[in-house]
Amino acid sequence: MPRTMPQTIQPALAALPQTMHPRNPGMALDMAWIRAARANRSAIERRCATLPGRRSVKGAHQAAWLLRAVSMIDLTTLSGDDTPGRVARLCAKARQPVRADLLGALGVEGLTTGAVCVYHEMIAPALAALDGSGIPVAAVSTGFPAGLSPFATRLAEIEASVAAGAREIDIVISRRHVLLGDWQALYDEVAAFRAACGPAHLKTILATGELGTLQNVARASLVCMMAGADFIKTSTGKEPVNATLPVGLTMVRAIRAYHGVTGHRVGFKPAGGISRARDALVWLALIKEELGDAWLTPELFRFGASSLLGDIERQIEHHVTGAYSAAWRHPVG
Ligand SMILES: O=C[C@H](O)COP(=O)(O)O
C-alpha cells in the first residue's frame, strides 16, 4: 500500500539552484598561500565524527535528500571489460534513475543523474544512449588512473575526448609533484590540462589516498583551483583508500577559503567507495554545513559512484512501499 505522497519532495527538488555560475578562471600561483595552508588531522577527525549522528534526516525529508543526491551522481563505469551494451544500460539508468512507479508515487518528474562517467572509448556509445536527455558525458583522462603516460599524450587524450563530445574531463594529477612539494610543476600541469579542455569542464582528481598527508591534500586542492580547476575530486576509485570524510572536509575547506579570497566557486566530487544511501546523506550534510546550500547543485557537487544509485533506489522504494527489496532488484548497469 503506497504511503501518502510526502509534500516536501517536489519542492525540495524544484528548490535546487539552477543558476549557472561563471567558471573558475584561476589565478597566479600564490606560493605564500600554499605554504601557509595547514590541516590539523585530529581536529578534522573530531569534526567528521560529529557528522553521521547530528544530521539524521528521516521520512519524507530523507527521501527528498536522497532524490537530490541522485541528481548529483556521476553514474560511472570504469572497467577494462566495459562494452557499448553495458554503457547503454548505464545511460538508460541515468535517464530514469529511479523506477517510474516510485517517482510517480512521490510526484516527481524529470529526475536524471548529474552525468555519466566513462573511459574515452565509451564516449560515443554514451552520447548515442543519452541523445536528447541533456545529461553530460564525463570522460576520465590523462592516463587515468595512474597518470604516468607522456605529457603530450595526456594533453592529446583530453583534446580527443573533448572532440568526441565529452563535456566534462576528469583528469588525474601527477602525485609525485605533490609528494615532492613541486607546486609550480603541479600548477603548470593543471593549467595546461585546463587549456586543453577548452569549453569542457575540468575535474582534477587528486588521488588523495596516495598523497600522504592532509596538508598535502589541502595544498594540492589550492594549487588545482589556482590553475583553473572547475571541480576538485578526491579519488579515481582505484586507490587503496578513496573518498574519506577527513579528506573531504580538508578539500571543502580549501574550496571555502578559495571562494573567500577570489569569489570563485569550485565544485567538489567525492568518488570511490561511496555505495550506501546513508553515506550519501552524511556527505550532503558536510557540504551543507561547510559550503552552504549554494553548493548543493549538480553544477557544484557530484558523487562519483558506480553502485550508490542502487542503494538509494532501494531506500526510496522502502519509503514509498514500506518494504525493502533485495539489492539485486536495483541493478545499475
Ligand atoms: O569516479 C568514480 C569512481 O571510479 C567510482 O568508484 P566506485 O566504483 O567505488 O563507486
# chains A, B, ... in the order shown; residues from 1 in each chain; ligands from 1
$ residues_near_ligand --ligand "ligand 1" --cutoff "7 Å" --atoms "only C-alpha atoms and all ligand atoms" --output "ChimeraX atom specification"
/A:76,78,235-238,271-275,304-308
$ write_last_selection --atoms "C-alpha atoms" --output "short mmCIF file (atom, residue, chain, number, x, y, z; two decimals), in the first residue's frame"
data_model
loop_
_atom_site.label_atom_id
_atom_site.label_comp_id
_atom_site.auth_asym_id
_atom_site.auth_seq_id
_atom_site.Cartn_x
_atom_site.Cartn_y
_atom_site.Cartn_z
CA THR A 76 30.20 5.67 -13.51
CA LEU A 78 35.37 2.42 -15.45
CA SER A 235 39.90 9.75 -5.94
CA THR A 236 39.87 7.56 -9.00
CA GLY A 237 38.12 4.73 -7.19
CA LYS A 238 41.24 2.64 -7.88
CA ALA A 271 34.47 9.47 -5.54
CA GLY A 272 35.33 5.90 -4.81
CA GLY A 273 33.69 3.54 -2.35
CA ILE A 274 30.52 5.58 -1.76
CA SER A 275 27.87 2.92 -2.13
CA GLY A 304 31.49 9.71 -8.35
CA ALA A 305 29.85 6.36 -7.84
CA SER A 306 29.14 3.12 -9.66
CA SER A 307 26.80 1.43 -7.18
CA LEU A 308 25.35 4.17 -4.90
#
$ residues_around --residues "range 160-165 of chain A" --least-positions-apart "5" --cutoff "12 Å" --atoms "only C-alpha atoms" --output "PyMOL selection string"
chain A and resi 117-128+130-131+135-142+153-155+170-171+193-202
$ closest_residue --among "A:Val320, A:Ala88, A:Ala220, A:Ala227" --to "Tyr187 in chain A" --atoms "only C-alpha atoms"
A:Ala227
$ residues_around --residues "Lys233 in chain A" --least-positions-apart "3" --cutoff "8 Å" --atoms "only C-alpha atoms" --output "ChimeraX atom specification"
/A:203-207,268-271
$ write_last_selection --atoms "C-alpha atoms" --output "mmCIF file, in the first residue's frame"
data_model
loop_
_atom_site.group_PDB
_atom_site.id
_atom_site.type_symbol
_atom_site.label_atom_id
_atom_site.label_comp_id
_atom_site.auth_asym_id
_atom_site.auth_seq_id
_atom_site.Cartn_x
_atom_site.Cartn_y
_atom_site.Cartn_z
ATOM 1 C CA LYS A 203 37.639 17.973 -12.812
ATOM 2 C CA THR A 204 41.000 17.355 -11.151
ATOM 3 C CA ILE A 205 41.376 14.041 -9.348
ATOM 4 C CA LEU A 206 43.868 14.359 -6.500
ATOM 5 C CA ALA A 207 44.035 10.618 -5.713
ATOM 6 C CA PHE A 268 33.604 19.130 -5.225
ATOM 7 C CA LYS A 269 33.348 15.461 -6.177
ATOM 8 C CA PRO A 270 33.963 12.724 -3.633
ATOM 9 C CA ALA A 271 34.472 9.474 -5.535
#
$ residues_around --residues "range 208-216 of chain A" --least-positions-apart "4" --cutoff "10 Å" --atoms "only C-alpha atoms" --output "VMD selection string"
chain A and resid 34 to 41 44 175 to 179 181 220 to 222 233 to 244 246 to 251
$ select_by_dssp --residues "range 17-84 of chain A" --states "helix (DSSP H, G or I)" --output "NGL selection string"
:A and (31-36 or 41-49 or 51-54 or 59-70 or 84)
$ closest_residue --among "A:Val266, A:Val116, A:Ala277, A:Ala60" --to "Ala294 in chain A" --atoms "only C-alpha atoms"
A:Val266
$ closest_residue --among "A:Asp74, A:Glu159, A:Asp182, A:Asp279" --to "Val223 in chain A" --atoms "only C-alpha atoms"
A:Asp182
$ residues_around --residues "Met20 in chain A" --least-positions-apart "6" --cutoff "12 Å" --atoms "only C-alpha atoms" --output "list in words"
Arg265, Ala294, Trp295, Thr297, Pro298, Glu299 and Leu300 of chain A
$ write_last_selection --atoms "C-alpha atoms" --output "mmCIF file, in the first residue's frame"
data_model
loop_
_atom_site.group_PDB
_atom_site.id
_atom_site.type_symbol
_atom_site.label_atom_id
_atom_site.label_comp_id
_atom_site.auth_asym_id
_atom_site.auth_seq_id
_atom_site.Cartn_x
_atom_site.Cartn_y
_atom_site.Cartn_z
ATOM 1 C CA ARG A 265 33.017 28.775 -6.694
ATOM 2 C CA ALA A 294 24.702 27.109 -2.972
ATOM 3 C CA TRP A 295 26.915 24.036 -3.426
ATOM 4 C CA THR A 297 23.546 21.543 -7.031
ATOM 5 C CA PRO A 298 24.889 19.313 -9.818
ATOM 6 C CA GLU A 299 26.831 22.330 -11.038
ATOM 7 C CA LEU A 300 28.958 22.337 -7.884
#
$ residues_around --residues "His318 in chain A" --least-positions-apart "2" --cutoff "12 Å" --atoms "only C-alpha atoms" --output "PyMOL selection string"
chain A and resi 1-3+59-60+62-63+102+311-316+320-327
$ write_last_selection --atoms "N, CA and C atoms" --output "compact mmCIF listing (two decimals), in the first residue's frame"
# COMPACT_ATOMS: atom_id res chain seq x y z
N MET A 1 0.85 -1.20 0.00
CA MET A 1 0.00 0.00 0.00
C MET A 1 0.89 1.26 0.00
N PRO A 2 0.90 2.06 -1.09
CA PRO A 2 1.76 3.24 -1.09
C PRO A 2 1.42 4.19 0.04
N ARG A 3 2.45 4.79 0.59
CA ARG A 3 2.22 5.79 1.63
C ARG A 3 1.76 7.10 1.00
N GLY A 59 12.19 10.04 7.13
CA GLY A 59 10.92 10.11 6.41
C GLY A 59 11.01 10.85 5.10
N ALA A 60 10.02 11.74 4.88
CA ALA A 60 9.93 12.45 3.61
C ALA A 60 11.17 13.31 3.36
N GLN A 62 14.18 12.62 4.30
CA GLN A 62 15.26 11.75 3.85
C GLN A 62 15.06 11.39 2.37
N ALA A 63 13.84 11.09 2.00
CA ALA A 63 13.57 10.75 0.59
C ALA A 63 13.92 11.92 -0.31
N LEU A 102 7.80 4.53 -8.56
CA LEU A 102 8.19 5.13 -7.29
C LEU A 102 8.19 6.65 -7.40
N ASP A 311 21.44 1.48 -4.11
CA ASP A 311 21.02 1.52 -2.70
C ASP A 311 20.04 2.67 -2.46
N ILE A 312 20.26 3.80 -3.14
CA ILE A 312 19.32 4.91 -2.96
C ILE A 312 17.93 4.50 -3.47
N GLU A 313 17.89 3.84 -4.63
CA GLU A 313 16.58 3.44 -5.17
C GLU A 313 15.87 2.48 -4.22
N ARG A 314 16.68 1.63 -3.59
CA ARG A 314 16.12 0.67 -2.63
C ARG A 314 15.52 1.41 -1.43
N GLN A 315 16.21 2.44 -0.97
CA GLN A 315 15.68 3.21 0.17
C GLN A 315 14.43 4.00 -0.23
N ILE A 316 14.42 4.50 -1.46
CA ILE A 316 13.23 5.22 -1.94
C ILE A 316 12.05 4.25 -2.01
N VAL A 320 8.44 4.54 -0.11
CA VAL A 320 7.13 4.56 -0.79
C VAL A 320 6.26 3.38 -0.38
N THR A 321 6.87 2.18 -0.29
CA THR A 321 6.05 0.97 -0.09
C THR A 321 6.10 0.45 1.34
N GLY A 322 7.11 0.88 2.09
CA GLY A 322 7.25 0.35 3.46
C GLY A 322 8.00 -0.96 3.50
N ALA A 323 8.46 -1.46 2.33
CA ALA A 323 9.16 -2.74 2.29
C ALA A 323 10.50 -2.58 1.60
N TYR A 324 11.46 -3.40 2.01
CA TYR A 324 12.76 -3.43 1.34
C TYR A 324 12.76 -4.56 0.33
N SER A 325 13.33 -4.32 -0.84
CA SER A 325 13.54 -5.42 -1.77
C SER A 325 15.02 -5.77 -1.77
N ALA A 326 15.32 -6.91 -2.39
CA ALA A 326 16.72 -7.33 -2.45
C ALA A 326 17.51 -6.36 -3.31
N ALA A 327 18.79 -6.20 -2.98
CA ALA A 327 19.64 -5.26 -3.73
C ALA A 327 19.71 -5.62 -5.21
$ closest_residue --among "A:Glu317, A:Ala43, A:Thr83, A:Gly26" --to "Gly104 in chain A" --atoms "only C-alpha atoms"
A:Glu317
$ decode --residues "range 113-148 of chain A" --atoms "N, CA and C atoms" --output "mmCIF file, in the first residue's frame"
data_model
loop_
_atom_site.group_PDB
_atom_site.id
_atom_site.type_symbol
_atom_site.label_atom_id
_atom_site.label_comp_id
_atom_site.auth_asym_id
_atom_site.auth_seq_id
_atom_site.Cartn_x
_atom_site.Cartn_y
_atom_site.Cartn_z
ATOM 1 N N THR A 113 20.424 11.566 -13.439
ATOM 2 C CA THR A 113 21.696 11.731 -12.724
ATOM 3 C C THR A 113 22.420 12.969 -13.276
ATOM 4 N N GLY A 114 23.484 13.368 -12.574
ATOM 5 C CA GLY A 114 24.209 14.569 -12.974
ATOM 6 C C GLY A 114 24.989 14.389 -14.263
ATOM 7 N N ALA A 115 25.548 13.207 -14.462
ATOM 8 C CA ALA A 115 26.353 12.913 -15.652
ATOM 9 C C ALA A 115 26.550 11.407 -15.721
ATOM 10 N N VAL A 116 27.120 10.970 -16.833
ATOM 11 C CA VAL A 116 27.599 9.594 -16.951
ATOM 12 C C VAL A 116 29.107 9.688 -17.172
ATOM 13 N N CYS A 117 29.867 8.890 -16.431
ATOM 14 C CA CYS A 117 31.332 8.996 -16.469
ATOM 15 C C CYS A 117 31.941 7.695 -16.993
ATOM 16 N N VAL A 118 32.724 7.815 -18.071
ATOM 17 C CA VAL A 118 33.256 6.632 -18.761
ATOM 18 C C VAL A 118 34.686 6.886 -19.237
ATOM 19 N N TYR A 119 35.328 5.824 -19.724
ATOM 20 C CA TYR A 119 36.597 5.958 -20.433
ATOM 21 C C TYR A 119 36.341 6.524 -21.833
ATOM 22 N N HIS A 120 37.427 7.042 -22.443
ATOM 23 C CA HIS A 120 37.316 7.680 -23.768
ATOM 24 C C HIS A 120 36.586 6.799 -24.785
ATOM 25 N N GLU A 121 36.946 5.544 -24.859
ATOM 26 C CA GLU A 121 36.370 4.684 -25.897
ATOM 27 C C GLU A 121 34.857 4.506 -25.755
ATOM 28 N N MET A 122 34.327 4.816 -24.607
ATOM 29 C CA MET A 122 32.889 4.644 -24.375
ATOM 30 C C MET A 122 32.117 5.964 -24.522
ATOM 31 N N ILE A 123 32.795 7.042 -24.944
ATOM 32 C CA ILE A 123 32.092 8.327 -25.106
ATOM 33 C C ILE A 123 31.010 8.211 -26.184
ATOM 34 N N ALA A 124 31.374 7.641 -27.328
ATOM 35 C CA ALA A 124 30.408 7.581 -28.440
ATOM 36 C C ALA A 124 29.157 6.784 -28.068
ATOM 37 N N PRO A 125 29.296 5.577 -27.533
ATOM 38 C CA PRO A 125 28.075 4.866 -27.128
ATOM 39 C C PRO A 125 27.280 5.608 -26.051
ATOM 40 N N ALA A 126 27.983 6.287 -25.166
ATOM 41 C CA ALA A 126 27.262 7.031 -24.119
ATOM 42 C C ALA A 126 26.482 8.188 -24.737
ATOM 43 N N LEU A 127 27.121 8.904 -25.652
ATOM 44 C CA LEU A 127 26.412 10.030 -26.293
ATOM 45 C C LEU A 127 25.185 9.534 -27.041
ATOM 46 N N ALA A 128 25.347 8.403 -27.738
ATOM 47 C CA ALA A 128 24.203 7.869 -28.500
ATOM 48 C C ALA A 128 23.061 7.512 -27.550
ATOM 49 N N ALA A 129 23.401 6.893 -26.432
ATOM 50 C CA ALA A 129 22.362 6.442 -25.500
ATOM 51 C C ALA A 129 21.735 7.598 -24.724
ATOM 52 N N LEU A 130 22.453 8.711 -24.631
ATOM 53 C CA LEU A 130 21.931 9.858 -23.859
ATOM 54 C C LEU A 130 21.336 10.932 -24.760
ATOM 55 N N ASP A 131 21.294 10.664 -26.060
ATOM 56 C CA ASP A 131 20.849 11.677 -27.022
ATOM 57 C C ASP A 131 19.506 12.296 -26.610
ATOM 58 N N GLY A 132 19.481 13.604 -26.569
ATOM 59 C CA GLY A 132 18.239 14.306 -26.262
ATOM 60 C C GLY A 132 17.943 14.451 -24.785
ATOM 61 N N SER A 133 18.753 13.816 -23.936
ATOM 62 C CA SER A 133 18.464 13.848 -22.490
ATOM 63 C C SER A 133 19.049 15.075 -21.800
ATOM 64 N N GLY A 134 20.062 15.688 -22.412
ATOM 65 C CA GLY A 134 20.751 16.806 -21.754
ATOM 66 C C GLY A 134 21.764 16.357 -20.714
ATOM 67 N N ILE A 135 21.872 15.059 -20.489
ATOM 68 C CA ILE A 135 22.830 14.564 -19.482
ATOM 69 C C ILE A 135 24.240 14.602 -20.087
ATOM 70 N N PRO A 136 25.181 15.281 -19.431
ATOM 71 C CA PRO A 136 26.530 15.346 -20.000
ATOM 72 C C PRO A 136 27.301 14.042 -19.841
ATOM 73 N N VAL A 137 28.229 13.827 -20.779
ATOM 74 C CA VAL A 137 29.156 12.706 -20.657
ATOM 75 C C VAL A 137 30.473 13.251 -20.106
ATOM 76 N N ALA A 138 30.961 12.612 -19.049
ATOM 77 C CA ALA A 138 32.277 12.927 -18.490
ATOM 78 C C ALA A 138 33.229 11.807 -18.885
ATOM 79 N N ALA A 139 34.449 12.176 -19.274
ATOM 80 C CA ALA A 139 35.451 11.158 -19.619
ATOM 81 C C ALA A 139 36.635 11.276 -18.682
ATOM 82 N N VAL A 140 37.077 10.144 -18.149
ATOM 83 C CA VAL A 140 38.340 10.168 -17.400
ATOM 84 C C VAL A 140 39.476 10.254 -18.407
ATOM 85 N N SER A 141 40.584 10.859 -17.986
ATOM 86 C CA SER A 141 41.601 11.188 -18.980
ATOM 87 C C SER A 141 42.994 11.239 -18.360
ATOM 88 N N THR A 142 43.957 11.635 -19.179
ATOM 89 C CA THR A 142 45.375 11.837 -18.806
ATOM 90 C C THR A 142 46.002 10.585 -18.173
ATOM 91 N N GLY A 143 45.759 9.453 -18.825
ATOM 92 C CA GLY A 143 46.363 8.219 -18.340
ATOM 93 C C GLY A 143 45.739 7.707 -17.065
ATOM 94 N N PHE A 144 44.433 8.011 -16.875
ATOM 95 C CA PHE A 144 43.704 7.513 -15.708
ATOM 96 C C PHE A 144 43.934 6.009 -15.570
ATOM 97 N N PRO A 145 44.150 5.470 -14.373
ATOM 98 C CA PRO A 145 44.154 6.164 -13.095
ATOM 99 C C PRO A 145 45.536 6.643 -12.612
ATOM 100 N N ALA A 146 46.661 6.136 -13.183
ATOM 101 C CA ALA A 146 47.974 6.465 -12.611
ATOM 102 C C ALA A 146 48.493 7.815 -13.102
ATOM 103 N N GLY A 147 48.135 8.200 -14.335
ATOM 104 C CA GLY A 147 48.576 9.486 -14.866
ATOM 105 C C GLY A 147 50.056 9.533 -15.186
ATOM 106 N N LEU A 148 50.601 8.406 -15.605
ATOM 107 C CA LEU A 148 52.041 8.354 -15.833
ATOM 108 C C LEU A 148 52.409 8.183 -17.302
#
